[in-house]
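What follows is the content of data.pdb (PDB, C-alpha atoms, pLDDT in the B column).
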ATOM      1  CA  HIS H   1       0.000   0.000   0.000  1.00 73.00           C
ATOM      2  CA  PRO H   2       1.437   3.413  -0.945  1.00 77.00           C
ATOM      3  CA  ALA H   3       0.890   4.812   2.560  1.00 81.00           C
ATOM      4  CA  SER H   4       3.280   2.219   3.981  1.00 89.00           C
ATOM      5  CA  TYR H   5       6.328   3.427   2.042  1.00 88.00           C
ATOM      6  CA  ALA H   6       7.275   6.052   4.648  1.00 91.00           C
ATOM      7  CA  MET H   7       7.153   3.408   7.377  1.00 91.00           C
ATOM      8  CA  LEU H   8       9.204   0.998   5.238  1.00 93.00           C
ATOM      9  CA  THR H   9      11.764   3.740   4.680  1.00 92.00           C
ATOM     10  CA  ASP H  10      12.054   4.256   8.451  1.00 90.00           C
ATOM     11  CA  ILE H  11      12.461   0.515   9.013  1.00 91.00           C
ATOM     12  CA  ALA H  12      15.040   0.175   6.233  1.00 92.00           C
ATOM     13  CA  LEU H  13      17.091   3.108   7.502  1.00 91.00           C
ATOM     14  CA  ALA H  14      16.982   1.805  11.082  1.00 89.00           C
ATOM     15  CA  LEU H  15      18.136  -1.680  10.058  1.00 90.00           C
ATOM     16  CA  LYS H  16      20.522  -1.054   7.166  1.00 90.00           C
ATOM     17  CA  ASP H  17      23.681  -0.963   9.293  1.00 89.00           C
ATOM     18  CA  GLU H  18      22.625  -3.516  11.898  1.00 88.00           C
ATOM     19  CA  GLU H  19      23.917  -7.089  11.913  1.00 88.00           C
ATOM     20  CA  VAL H  20      20.484  -8.649  11.527  1.00 91.00           C
ATOM     21  CA  THR H  21      18.769 -10.911   9.069  1.00 94.00           C
ATOM     22  CA  ILE H  22      15.248  -9.743   8.322  1.00 95.00           C
ATOM     23  CA  ARG H  23      12.574 -12.293   7.517  1.00 97.00           C
ATOM     24  CA  VAL H  24       9.504 -10.695   5.981  1.00 98.00           C
ATOM     25  CA  GLU H  25       6.431 -12.884   6.448  1.00 97.00           C
ATOM     26  CA  GLY H  26       3.413 -12.282   4.223  1.00 97.00           C
ATOM     27  CA  HIS H  27      -0.036 -13.281   5.501  1.00 96.00           C
ATOM     28  CA  THR H  28      -3.590 -13.375   4.131  1.00 94.00           C
ATOM     29  CA  ASP H  29      -7.066 -13.941   5.471  1.00 91.00           C
ATOM     30  CA  ALA H  30      -8.959 -17.156   4.726  1.00 89.00           C
ATOM     31  CA  THR H  31     -11.101 -15.770   1.914  1.00 89.00           C
ATOM     32  CA  GLY H  32     -10.379 -17.213  -1.501  1.00 90.00           C
ATOM     33  CA  ASP H  33      -8.688 -20.473  -2.264  1.00 95.00           C
ATOM     34  CA  GLU H  34      -5.616 -21.815  -0.495  1.00 96.00           C
ATOM     35  CA  LEU H  35      -3.284 -21.628  -3.503  1.00 97.00           C
ATOM     36  CA  GLY H  36      -4.342 -18.067  -4.248  1.00 96.00           C
ATOM     37  CA  ASN H  37      -3.662 -17.096  -0.647  1.00 95.00           C
ATOM     38  CA  TRP H  38      -0.158 -18.591  -0.858  1.00 96.00           C
ATOM     39  CA  ARG H  39       0.487 -16.484  -3.952  1.00 97.00           C
ATOM     40  CA  VAL H  40      -0.874 -13.285  -2.428  1.00 96.00           C
ATOM     41  CA  SER H  41       1.126 -13.709   0.777  1.00 97.00           C
ATOM     42  CA  SER H  42       4.252 -14.446  -1.257  1.00 98.00           C
ATOM     43  CA  LEU H  43       3.816 -11.358  -3.417  1.00 97.00           C
ATOM     44  CA  ARG H  44       3.123  -9.271  -0.312  1.00 96.00           C
ATOM     45  CA  ALA H  45       6.390 -10.401   1.317  1.00 98.00           C
ATOM     46  CA  ILE H  46       8.410  -9.944  -1.884  1.00 98.00           C
ATOM     47  CA  ALA H  47       7.070  -6.404  -2.362  1.00 95.00           C
ATOM     48  CA  VAL H  48       8.269  -5.459   1.121  1.00 96.00           C
ATOM     49  CA  VAL H  49      11.689  -7.072   0.565  1.00 97.00           C
ATOM     50  CA  GLU H  50      12.039  -5.061  -2.652  1.00 96.00           C
ATOM     51  CA  ALA H  51      11.121  -1.866  -0.813  1.00 94.00           C
ATOM     52  CA  LEU H  52      13.691  -2.561   1.920  1.00 95.00           C
ATOM     53  CA  ARG H  53      16.352  -3.232  -0.734  1.00 95.00           C
ATOM     54  CA  GLU H  54      15.614   0.111  -2.393  1.00 93.00           C
ATOM     55  CA  ARG H  55      15.068   2.280   0.673  1.00 91.00           C
ATOM     56  CA  GLY H  56      17.867   1.092   2.999  1.00 88.00           C
ATOM     57  CA  PRO H  57      19.397  -0.147   0.986  1.00 93.00           C
ATOM     58  CA  ILE H  58      19.562  -3.446   2.819  1.00 95.00           C
ATOM     59  CA  PRO H  59      21.746  -6.115   1.191  1.00 95.00           C
ATOM     60  CA  GLY H  60      19.805  -9.011  -0.307  1.00 95.00           C
ATOM     61  CA  GLU H  61      21.741 -11.621   1.656  1.00 96.00           C
ATOM     62  CA  ARG H  62      20.226 -10.193   4.856  1.00 96.00           C
ATOM     63  CA  LEU H  63      16.630 -10.478   3.619  1.00 97.00           C
ATOM     64  CA  GLU H  64      14.209 -13.402   3.437  1.00 97.00           C
ATOM     65  CA  ALA H  65      10.656 -13.478   2.047  1.00 98.00           C
ATOM     66  CA  ASP H  66       8.320 -16.085   3.468  1.00 97.00           C
ATOM     67  CA  ALA H  67       4.714 -16.842   2.489  1.00 97.00           C
ATOM     68  CA  MET H  68       2.426 -17.918   5.317  1.00 96.00           C
ATOM     69  CA  GLY H  69      -0.838 -17.847   3.399  1.00 94.00           C
ATOM     70  CA  GLN H  70      -3.880 -18.032   5.644  1.00 92.00           C
ATOM     71  CA  PHE H  71      -2.358 -20.403   8.174  1.00 92.00           C
ATOM     72  CA  ARG H  72      -1.192 -18.059  10.944  1.00 89.00           C
ATOM     73  CA  PRO H  73      -4.138 -15.763  11.519  1.00 82.00           C
ATOM     74  CA  ALA H  74      -3.795 -12.778  13.816  1.00 80.00           C
ATOM     75  CA  SER H  75      -7.558 -12.772  14.342  1.00 68.00           C
ATOM     76  CA  THR H  76      -9.673 -15.928  14.560  1.00 64.00           C
ATOM     77  CA  PHE H  77     -12.800 -15.087  16.526  1.00 61.00           C
ATOM     78  CA  GLY H  78     -15.108 -13.491  13.947  1.00 61.00           C
ATOM     79  CA  GLU H  79     -13.262 -10.196  14.049  1.00 66.00           C
ATOM     80  CA  ASN H  80     -12.430  -8.173  10.986  1.00 72.00           C
ATOM     81  CA  PRO H  81     -10.486 -10.532   8.677  1.00 75.00           C
ATOM     82  CA  SER H  82      -8.428  -7.610   7.364  1.00 80.00           C
ATOM     83  CA  TRP H  83      -6.201  -8.010  10.460  1.00 78.00           C
ATOM     84  CA  ASN H  84      -4.947 -11.200   8.851  1.00 87.00           C
ATOM     85  CA  ARG H  85      -3.785  -9.391   5.693  1.00 90.00           C
ATOM     86  CA  ARG H  86      -0.451  -8.256   6.983  1.00 93.00           C
ATOM     87  CA  ILE H  87       3.329  -8.370   6.975  1.00 94.00           C
ATOM     88  CA  GLU H  88       5.372  -9.396   9.991  1.00 95.00           C
ATOM     89  CA  PHE H  89       9.080  -8.825  10.469  1.00 94.00           C
ATOM     90  CA  VAL H  90      11.300 -11.340  12.252  1.00 93.00           C
ATOM     91  CA  LEU H  91      14.766 -10.035  13.116  1.00 91.00           C
ATOM     92  CA  LYS H  92      17.516 -12.580  13.684  1.00 90.00           C
ATOM     93  CA  SER H  93      21.017 -11.898  14.921  1.00 86.00           C
ATOM     94  CA  ASP H  94      23.899 -13.523  16.754  1.00 83.00           C
ATOM     95  CA  HIS H  95      24.976 -10.128  18.078  1.00 77.00           C
ATOM     96  CA  TYR H  96      23.589  -8.545  21.215  1.00 71.00           C
ATOM     97  CA  ALA H  97      24.235  -5.100  19.716  1.00 65.00           C
ATOM     98  CA  ALA H  98      21.380  -5.694  17.258  1.00 68.00           C
ATOM     99  CA  VAL H  99      18.965  -5.019  20.116  1.00 69.00           C
ATOM    100  CA  GLY H 100      19.608  -1.354  19.368  1.00 71.00           C
ATOM    101  CA  ALA H 101      17.788  -1.754  16.062  1.00 69.00           C
ATOM    102  CA  ILE H 102      14.687  -2.994  17.834  1.00 69.00           C
ATOM    103  CA  GLU H 103      14.857  -0.164  20.361  1.00 74.00           C
ATOM    104  CA  GLN H 104      15.166   2.350  17.545  1.00 71.00           C
ATOM    105  CA  LEU H 105      12.105   0.912  15.783  1.00 71.00           C
ATOM    106  CA  ASN H 106      10.137   1.071  19.038  1.00 71.00           C
ATOM    107  CA  GLY H 107      10.947   4.758  19.378  1.00 69.00           C
ATOM    108  CA  GLY H 108      13.483   4.663  22.023  1.00 58.00           C
TER     109      GLY H 108
END
Now that the file is in, can you turn its structure into structure tokens?
Amino acid sequence: HPASYAMLTDIALALKDEEVTIRVEGHTDATGDELGNWRVSSLRAIAVVEALRERGPIPGERLEADAMGQFRPASTFGENPSWNRRIEFVLKSDHYAAVGAIEQLNGG
């Protein structure tokens, strides 16, 4: 979504010099067919990886795109299914200093 580019720029700039691997997980809701949801979640994750590559730039070897489809819902109790159409970031590092990246993203 175009409104997310400013946020992706902030994330990319905060993480570009950190020793972290960034896994971008794409998710969907359960509407539509299973194969279609895999594709949509994959494309969602890849679009974010591309944005991080451009806006950081973050090296490709530090990025992973992962499709979760509809199988890890954030909302399961009749709530708005749009909560399940999302991206999640998983930061991995062997260095304690990478905690600074998380603190910076949390505003402090």
- Task: Would you mind reading off the distance between CA of Gln104 (chain H) and CA of Asp10 (chain H), one decimal, in Å?
- Result: 9.8 Å
- When the PyMOL selection byres ((chain H and resi 93) around 8) is applied to the file above, which residues end up in the set, as a PyMOL selection string? chain H and resi 19-21+91-92+94-96+98
- Query: Contacts of region 40-55 of chain H at 9 Å or less, counting only C-alpha atoms, minus same-chain residues fewer than 6 places along, as an MDAnalysis selection string?
  - Reply: chainID H and resid 5 8:13 16 22:28 63:70 85:88
- Take CA of Ala6 (chain H) and CA of Gly100 (chain H) and report the distance between them in Å, one decimal. 20.6 Å
- Task: Rounded to one decimal place, report the CA of Gly56 (chain H)-CA of Leu15 (chain H) distance in Å.
- Result: 7.6 Å
- Given all atoms listed in the file as the counted atoms, nearest of H:Thr31, H:Ala14, H:Pro73, H:Asn84 to Leu105 (chain H): H:Ala14
- Ser82 (chain H) proximity check over H:Glu34, H:Glu61, H:Glu103, H:Asp29, using all atoms listed in the file: winner is H:Asp29
Rebuild N, CA and C atoms on region 7-30 of chain H, as a PDB file, in the coordinates of the input?
ATOM      1  N   MET H   7       6.813   4.311   6.276  1.00 91.00           N
ATOM      2  CA  MET H   7       7.153   3.408   7.377  1.00 91.00           C
ATOM      3  C   MET H   7       8.250   2.438   6.953  1.00 91.00           C
ATOM      4  N   LEU H   8       8.167   1.910   5.727  1.00 93.00           N
ATOM      5  CA  LEU H   8       9.204   0.998   5.238  1.00 93.00           C
ATOM      6  C   LEU H   8      10.549   1.702   5.112  1.00 93.00           C
ATOM      7  N   THR H   9      10.525   2.968   4.733  1.00 92.00           N
ATOM      8  CA  THR H   9      11.764   3.740   4.680  1.00 92.00           C
ATOM      9  C   THR H   9      12.374   3.859   6.065  1.00 92.00           C
ATOM     10  N   ASP H  10      11.557   4.156   7.074  1.00 90.00           N
ATOM     11  CA  ASP H  10      12.054   4.256   8.451  1.00 90.00           C
ATOM     12  C   ASP H  10      12.653   2.931   8.908  1.00 90.00           C
ATOM     13  N   ILE H  11      11.965   1.838   8.609  1.00 91.00           N
ATOM     14  CA  ILE H  11      12.461   0.515   9.013  1.00 91.00           C
ATOM     15  C   ILE H  11      13.770   0.205   8.309  1.00 91.00           C
ATOM     16  N   ALA H  12      13.819   0.462   7.003  1.00 92.00           N
ATOM     17  CA  ALA H  12      15.040   0.175   6.233  1.00 92.00           C
ATOM     18  C   ALA H  12      16.217   0.993   6.736  1.00 92.00           C
ATOM     19  N   LEU H  13      15.996   2.261   7.016  1.00 91.00           N
ATOM     20  CA  LEU H  13      17.091   3.108   7.502  1.00 91.00           C
ATOM     21  C   LEU H  13      17.544   2.684   8.893  1.00 91.00           C
ATOM     22  N   ALA H  14      16.618   2.242   9.736  1.00 89.00           N
ATOM     23  CA  ALA H  14      16.982   1.805  11.082  1.00 89.00           C
ATOM     24  C   ALA H  14      17.777   0.508  11.057  1.00 89.00           C
ATOM     25  N   LEU H  15      17.523  -0.352  10.072  1.00 90.00           N
ATOM     26  CA  LEU H  15      18.136  -1.680  10.058  1.00 90.00           C
ATOM     27  C   LEU H  15      19.304  -1.840   9.090  1.00 90.00           C
ATOM     28  N   LYS H  16      19.539  -0.857   8.238  1.00 90.00           N
ATOM     29  CA  LYS H  16      20.522  -1.054   7.166  1.00 90.00           C
ATOM     30  C   LYS H  16      21.931  -1.331   7.659  1.00 90.00           C
ATOM     31  N   ASP H  17      22.320  -0.774   8.797  1.00 89.00           N
ATOM     32  CA  ASP H  17      23.681  -0.963   9.293  1.00 89.00           C
ATOM     33  C   ASP H  17      23.763  -1.955  10.451  1.00 89.00           C
ATOM     34  N   GLU H  18      22.647  -2.558  10.790  1.00 88.00           N
ATOM     35  CA  GLU H  18      22.625  -3.516  11.898  1.00 88.00           C
ATOM     36  C   GLU H  18      22.981  -4.912  11.393  1.00 88.00           C
ATOM     37  N   GLU H  19      23.548  -5.716  12.270  1.00 88.00           N
ATOM     38  CA  GLU H  19      23.917  -7.089  11.913  1.00 88.00           C
ATOM     39  C   GLU H  19      22.736  -8.015  12.188  1.00 88.00           C
ATOM     40  N   VAL H  20      21.688  -7.837  11.384  1.00 91.00           N
ATOM     41  CA  VAL H  20      20.484  -8.649  11.527  1.00 91.00           C
ATOM     42  C   VAL H  20      20.072  -9.202  10.175  1.00 91.00           C
ATOM     43  N   THR H  21      19.461 -10.359  10.229  1.00 94.00           N
ATOM     44  CA  THR H  21      18.769 -10.911   9.069  1.00 94.00           C
ATOM     45  C   THR H  21      17.299 -10.596   9.283  1.00 94.00           C
ATOM     46  N   ILE H  22      16.640 -10.162   8.230  1.00 95.00           N
ATOM     47  CA  ILE H  22      15.248  -9.743   8.322  1.00 95.00           C
ATOM     48  C   ILE H  22      14.394 -10.704   7.505  1.00 95.00           C
ATOM     49  N   ARG H  23      13.525 -11.426   8.210  1.00 97.00           N
ATOM     50  CA  ARG H  23      12.574 -12.293   7.517  1.00 97.00           C
ATOM     51  C   ARG H  23      11.260 -11.542   7.436  1.00 97.00           C
ATOM     52  N   VAL H  24      10.773 -11.368   6.217  1.00 98.00           N
ATOM     53  CA  VAL H  24       9.504 -10.695   5.981  1.00 98.00           C
ATOM     54  C   VAL H  24       8.468 -11.777   5.706  1.00 98.00           C
ATOM     55  N   GLU H  25       7.475 -11.873   6.581  1.00 97.00           N
ATOM     56  CA  GLU H  25       6.431 -12.884   6.448  1.00 97.00           C
ATOM     57  C   GLU H  25       5.161 -12.235   5.910  1.00 97.00           C
ATOM     58  N   GLY H  26       4.665 -12.755   4.793  1.00 97.00           N
ATOM     59  CA  GLY H  26       3.413 -12.282   4.223  1.00 97.00           C
ATOM     60  C   GLY H  26       2.265 -13.172   4.668  1.00 97.00           C
ATOM     61  N   HIS H  27       1.137 -12.560   5.018  1.00 96.00           N
ATOM     62  CA  HIS H  27      -0.036 -13.281   5.501  1.00 96.00           C
ATOM     63  C   HIS H  27      -1.275 -12.845   4.730  1.00 96.00           C
ATOM     64  N   THR H  28      -2.292 -13.704   4.726  1.00 94.00           N
ATOM     65  CA  THR H  28      -3.590 -13.375   4.131  1.00 94.00           C
ATOM     66  C   THR H  28      -4.690 -13.795   5.090  1.00 94.00           C
ATOM     67  N   ASP H  29      -5.918 -13.395   4.750  1.00 91.00           N
ATOM     68  CA  ASP H  29      -7.066 -13.941   5.471  1.00 91.00           C
ATOM     69  C   ASP H  29      -7.469 -15.244   4.783  1.00 91.00           C
ATOM     70  N   ALA H  30      -8.553 -15.844   5.240  1.00 89.00           N
ATOM     71  CA  ALA H  30      -8.959 -17.156   4.726  1.00 89.00           C
ATOM     72  C   ALA H  30      -9.956 -17.066   3.568  1.00 89.00           C
TER      73      ALA H  30
END
